[in-house]
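> Supplied in structure tokens, the structure appears directly below.
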Amino acid sequence: MEYRNLGASGLRVPVLSFGAGTFGGSGRLFGAWGTTDAQEARRMVDICLEAGVTLFDTADVYSAGASEEVLGQAIRGRRDAVLISTKTALPMGEGPRDWGTSRTRLIRATEAALSRLGTDYIDLLQLHAFDASTPVEEVLSTLDGLVSACKIRYVGVSNFAGWELMKSLAAAERHGHPRYVAHQVYYSLAGRDYEWELMPLGADQGVGALVWSPLAWGRLTGKIRRGQPLPAASRLHDTAQYGPPVDDEKLFDIVEVLDALAEETGRTVPQIAINWLLGRPTVSSVIIGARNEQQLRQNLGAVGWSLSKDEIARLDAVSTVTAPYPYFPYRRQEGFARLNPPIV
């Protein structure tokens, strides 16, 4: 397993990490992801650790805290061998203090997560979304206090817009608070919007990407193809409305190239899709999920080898889309491109 620094921090993380959203799954969304119990989860953690995957990602909102609880049980007795990443900000109830990143909410949410996880510290706490109702200075000073109290080690964000992240980084620099070192983002061959603004920002500011849904919300598994109905067992029947939008025709074009590469290389479609991400700038770790041991072992096969330049070029060509304004001139017009050459 290869390890990389998480952004500009000293925290070294494996290039593959495990997403525990399937742990304790309940409800229409998370129940469709998976319903892994504590015993099964411990087996998944065993397999991950054997492969060198030491970072486990969860969130308080996953199955109303059950994911954190099951993960805590699965790592019991080996806390020092793992890194825990969890997230907070999204609503955990209907009350005014049950959502967001106010000082009260952040402290309560951190204490609750520590209790569910059965640990006295969190390696990486990420804000699951930007809270426009709370001043960034309040958020950062609260996180600073939690770091000083040794309840969290590093801080990051997830699903922030570029201006939201940059505003927060500037405030942290101005006041001497801990800077966000990670941005958990959606990025896949079927969804490359991360590249327009957030990737250059991450490269410039030392913010590493933790990639969620590298298989485009289950669409790059090798089971979905042009002219064929969704497999009966696909979770997309229940969860497509919650995930990132994907253009079907573009998706099928990408899948056809993945199929061809799988035939040529002997790798699987998911392995190729994940391996492509590992070569992208700013990516520190790709979060893989699995409902069973077979899926997990297949995804772990995405490391230990590299796509050729020609294979990467074929994937780049079929997956590229026109950048939105104001980014398209920098890709199309020589004068713009000379001022700001792309990093990809």
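To be explicit about the labels: the chains of the structure tokens are called A, B, and onward in the order shown, and within each one the residues are counted from 1, while ligands get numbers from 1 in the order they are shown.
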Quick one: pick out all helix (DSSP H, G or I) residues within segment 88-297 of chain A from a backbone DSSP run and write them as a ChimeraX atom specification.

/A:103-117,136-148,162-175,193-195,198-205,236-242,248-265,269-278,293-297

> What lies within 12 Å of Ala260 of chain A using only C-alpha atoms, ignoring chain neighbours under 5 positions off, as number ranges by chain?

A: 222, 253-255, 265-269, 272, 311, 314-315

> Any idea what's packed within 8 Å of segment 205-217 of chain A, counting only C-alpha atoms, ignoring anything in its chain fewer than 5 positions away? Could you give it as number ranges by chain?

A: 6-9, 180-191, 236, 240, 243-244, 246, 270, 273-274, 277, 282-288

> Distance table requested - segment 223-333 of chain A against segment 47-71 of chain A, cut-off 9 Å, only C-alpha atoms: one row per qualifying residue with the closest atom pair and its distance in Å to one decimal, ordered by chain and rising residue number, as CSV.


residue,atom,partner,partner_atom,distance
A:Ile287,CA,A:Asp57,CA,7.7
A:Glu293,CA,A:Ile47,CA,8.1
A:Leu296,CA,A:Ile47,CA,8.2
A:Arg297,CA,A:Ile47,CA,7.9
A:Leu300,CA,A:Ala51,CA,7.6

> Please return, as a PyMOL selection string, all residues of segment 257-295 of chain A that DSSP assigns to strand (DSSP E) on the basis of the backbone.

chain A and resi 283-288

> Rounded to one decimal in Å, what is the spacing between atom CA of Met44 of chain A and atom CA of Ser17 of chain A?

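Computed distance, atom CA of Met44 of chain A to atom CA of Ser17 of chain A, equals 12.0 Å.
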
> Set the distance at 12 Å and use only C-alpha atoms: which residues neighbour segment 330-335 of chain A once local chain neighbours fewer than 4 positions away are removed? I'd like the list as a list in words.

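That gives Glu195, Trp196, Glu197, Thr320, Val321, Thr322, Ala323, Pro324, Tyr325, Pro326, Leu339, Asn340, Pro341, Pro342, Ile343 and Val344 of chain A.
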
> Rounded to one decimal place, report the atom CA of Thr86 of chain A-atom CA of Ala203 of chain A distance in Å.

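Interatomic distance here is 23.2 Å.
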
> Please provide the set of residues having any atom within 12 Å of Lys223 of chain A, restricted to only C-alpha atoms, with same-chain residues fewer than 3 positions apart removed, written as a list in words.

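That gives Leu215, Gly218, Arg219, Leu220, Arg226, Gly227, Gln228, Pro229, Leu230, Pro231, Ala232, Ala233, Ser234, Arg235, Leu236, Phe252, Val255, Glu256, Leu258, Asp259, Thr268, Val269 and Pro270 of chain A.
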
> For segment 102-109 of chain A, find every residue with an atom within 7 Å (counting only C-alpha atoms), except residues of its own chain fewer than 6 positions away, and show them as a PyMOL selection string.

chain A and resi 88+134+138-139+142

> Which residues, written as a PyMOL selection string, have at least one atom at most 9 Å from Ala161 of chain A, with only C-alpha atoms counted and residues fewer than 4 positions away on the same chain left out?

chain A and resi 130+165-166+197-198

> Select, from A:Thr22, A:Gln298, A:Gln39, A:Ser158, the residue with the minimum atom-to-atom distance to Ile75 of chain A, counting only C-alpha atoms.

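Using only C-alpha atoms, the shortest distance to Ile75 of chain A belongs to A:Gln39.
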
> When you count only C-alpha atoms, which of these residues is closest to His177 of chain A: A:Leu140, A:Ala74, A:Met1, A:Leu201?

A:Leu140

> From the list A:Leu261, A:Leu146, A:Ile224, A:Leu124, which residue is nearest Val82 of chain A when using only C-alpha atoms?

A:Leu124
